[in-house]
>>> print(open('entry_9.csv').read())   # CSV, C-alpha atoms and all ligand atoms
chain,number,residue,atom,x,y,z
A,1,MET,CA,188.7,196.8,282.1
A,2,GLU,CA,188.5,195.1,285.5
A,3,ASN,CA,185.8,195.5,288.2
A,4,GLU,CA,183.0,196.5,285.9
A,5,TYR,CA,179.5,195.2,285.5
A,6,ARG,CA,177.7,195.7,282.2
A,7,VAL,CA,173.9,195.8,281.8
A,8,VAL,CA,171.7,196.6,278.8
A,9,TYR,CA,169.6,199.6,279.7
A,10,GLY,CA,166.7,200.4,277.3
A,11,ASP,CA,167.8,201.3,273.9
A,12,SER,CA,170.6,203.6,275.0
A,13,GLY,CA,173.4,201.0,274.8
A,14,LEU,CA,175.6,199.7,277.6
A,15,TYR,CA,176.1,201.4,280.9
A,16,VAL,CA,179.3,200.4,282.7
A,17,LEU,CA,178.9,200.3,286.4
A,18,ASP,CA,181.7,199.5,288.9
A,19,THR,CA,179.3,197.9,291.3
A,20,ALA,CA,182.0,196.7,293.7
A,21,SER,CA,183.1,200.2,294.4
A,22,TRP,CA,179.7,200.8,296.1
A,23,ARG,CA,180.4,198.3,298.9
A,24,THR,CA,181.1,199.2,302.5
A,25,PHE,CA,180.5,195.7,303.9
A,26,ARG,CA,181.2,192.4,302.1
A,27,PRO,CA,179.5,189.0,302.4
A,28,VAL,CA,181.7,186.1,303.5
A,29,ILE,CA,180.2,182.6,303.3
A,30,ASP,CA,180.7,180.5,306.4
A,31,GLU,CA,181.5,177.1,304.9
A,32,THR,CA,180.6,175.3,308.1
A,33,LYS,CA,177.0,176.5,307.8
A,34,CYS,CA,176.4,176.7,304.1
A,35,VAL,CA,174.4,173.8,302.7
A,36,ASN,CA,174.9,174.9,299.0
A,37,CYS,CA,171.2,175.5,298.5
A,38,GLY,CA,171.7,178.3,295.9
A,39,THR,CA,169.1,180.7,297.5
A,40,CYS,CA,171.7,183.5,297.6
A,41,LEU,CA,172.5,182.9,293.9
A,42,LEU,CA,168.8,183.3,293.0
A,43,TYR,CA,168.4,186.6,294.9
A,44,CYS,CA,171.6,188.5,294.1
A,45,PRO,CA,170.6,191.5,291.9
A,46,VAL,CA,174.0,191.7,290.1
A,47,CYS,CA,174.6,188.0,289.6
A,48,ALA,CA,177.7,188.1,291.8
A,49,VAL,CA,177.0,184.7,293.3
A,50,LYS,CA,178.1,181.7,291.2
A,51,LYS,CA,178.5,178.0,291.6
A,52,VAL,CA,182.1,177.0,290.9
A,53,ASP,CA,183.0,173.3,291.0
A,54,GLY,CA,179.7,172.6,292.7
A,55,ARG,CA,180.2,175.2,295.5
A,56,ILE,CA,178.6,178.6,296.0
A,57,GLN,CA,181.1,181.5,295.7
A,58,ILE,CA,180.7,185.3,295.8
A,59,ASP,CA,182.5,187.3,293.1
A,60,LEU,CA,183.7,190.4,294.9
A,61,SER,CA,184.5,192.1,291.6
A,62,TYR,CA,180.7,192.6,291.2
A,63,CYS,CA,179.2,192.3,294.6
A,64,LYS,CA,177.8,195.7,295.6
A,65,GLY,CA,177.3,194.9,299.3
A,66,CYS,CA,173.5,195.1,299.3
A,67,GLY,CA,173.1,192.3,301.9
A,68,ILE,CA,170.1,190.6,300.2
A,69,CYS,CA,172.0,187.3,300.1
A,70,ARG,CA,172.6,187.5,303.8
A,71,THR,CA,169.0,188.3,304.5
A,72,GLU,CA,167.7,185.5,302.3
A,73,CYS,CA,170.1,182.8,303.4
A,74,PRO,CA,168.0,180.2,305.3
A,75,LYS,CA,171.0,179.0,307.3
A,76,GLN,CA,172.5,182.4,308.3
A,77,ALA,CA,175.7,181.2,306.6
A,78,ILE,CA,176.7,184.6,305.3
A,79,MET,CA,178.8,186.8,307.5
A,80,TRP,CA,178.9,190.5,307.1
A,81,VAL,CA,182.4,192.0,307.2
A,82,LYS,CA,183.3,195.7,307.1
A,83,GLU,CA,185.5,196.7,304.2
A,84,GLU,CA,188.9,197.9,305.0
A,85,GLU,CA,189.4,201.6,304.3
B,101,LIG,S1,171.8,180.8,300.7
B,101,LIG,FE1,173.2,180.4,302.4
B,101,LIG,S2,173.2,178.1,302.7
B,101,LIG,FE2,172.3,178.6,300.7
B,101,LIG,S3,174.1,178.5,299.2
B,101,LIG,FE3,173.8,180.6,299.9
B,101,LIG,S4,175.2,180.8,301.7
B,101,LIG,FE4,174.9,178.7,301.3
B,102,LIG,S1,175.7,191.5,299.1
B,102,LIG,FE1,174.2,191.9,297.4
B,102,LIG,S2,175.4,192.1,295.6
B,102,LIG,FE2,176.7,191.1,297.1
B,102,LIG,S3,176.5,188.9,296.7
B,102,LIG,FE3,175.0,189.5,298.3
B,102,LIG,S4,173.1,189.9,297.1
B,102,LIG,FE4,174.8,189.9,295.7
>>> encode(input="entry_9.csv", output="structure tokens")
Amino acid sequence: MENEYRVVYGDSGLYVLDTASWRTFRPVIDETKCVNCGTCLLYCPVCAVKKVDGRIQIDLSYCKGCGICRTECPKQAIMWVKEEE
């Protein structure tokens, strides 16, 4: 199945959460400001931020649009874009 995020929750087995469906705004990295520090990767609660080929990327299949990465980015390199209806 696509667009799902699996977490182990207690001893009840796996809960399947489509975290991307919660999003009303999405983070977009401004490559001209990003210094690739990895702070956003450390703070993302659903591990949607990854380093691919040495560069930080956000996986929108999992991103739930909480904005924590944007708040914590020391370079204000994450733009906040409204999702299309
Ligand atoms: S926290 Fe900001 S500057 Fe650091 S890697 Fe993420 S987007 Fe880039
Ligand atoms: S908005 Fe939230 S869920 Fe999405 S990448 Fe940033 S910290 Fe992770």
>>> residues_near_ligand(input="entry_9.csv", ligand="ligand LIG 101 (chain B)", cutoff="10 Å", atoms="only C-alpha atoms and all ligand atoms", output="number ranges by chain")
A: 27-43, 49-51, 55-58, 68-79
>>> atom_distance(input="entry_9.csv", atom1="atom CA of A:Cys47", atom2="atom CA of A:Trp80")
18.2 Å
>>> closest_residue(input="entry_9.csv", among="A:Leu60, A:Leu17, A:Cys66, A:Val52", to="ligand LIG 102 (chain B)", atoms="all atoms listed in the file")
A:Cys66
>>> closest_residue(input="entry_9.csv", among="A:Cys44, A:Glu84, A:Gly65, A:Gly54", to="A:Phe25", atoms="all atoms listed in the file")
A:Gly65
>>> atom_distance(input="entry_9.csv", atom1="atom CA of A:Arg23", atom2="atom CA of A:Asp53")
26.3 Å
>>> atom_distance(input="entry_9.csv", atom1="atom CA of A:Ala20", atom2="atom CA of A:Gly67")
12.9 Å
>>> closest_residue(input="entry_9.csv", among="A:Val81, A:Val46, A:Asp18, A:Ser61", to="ligand LIG 102 (chain B)", atoms="only C-alpha atoms and all ligand atoms")
A:Val46
>>> closest_residue(input="entry_9.csv", among="A:Ala48, A:Thr19, A:Thr24, A:Glu83", to="ligand LIG 102 (chain B)", atoms="all atoms listed in the file")
A:Ala48
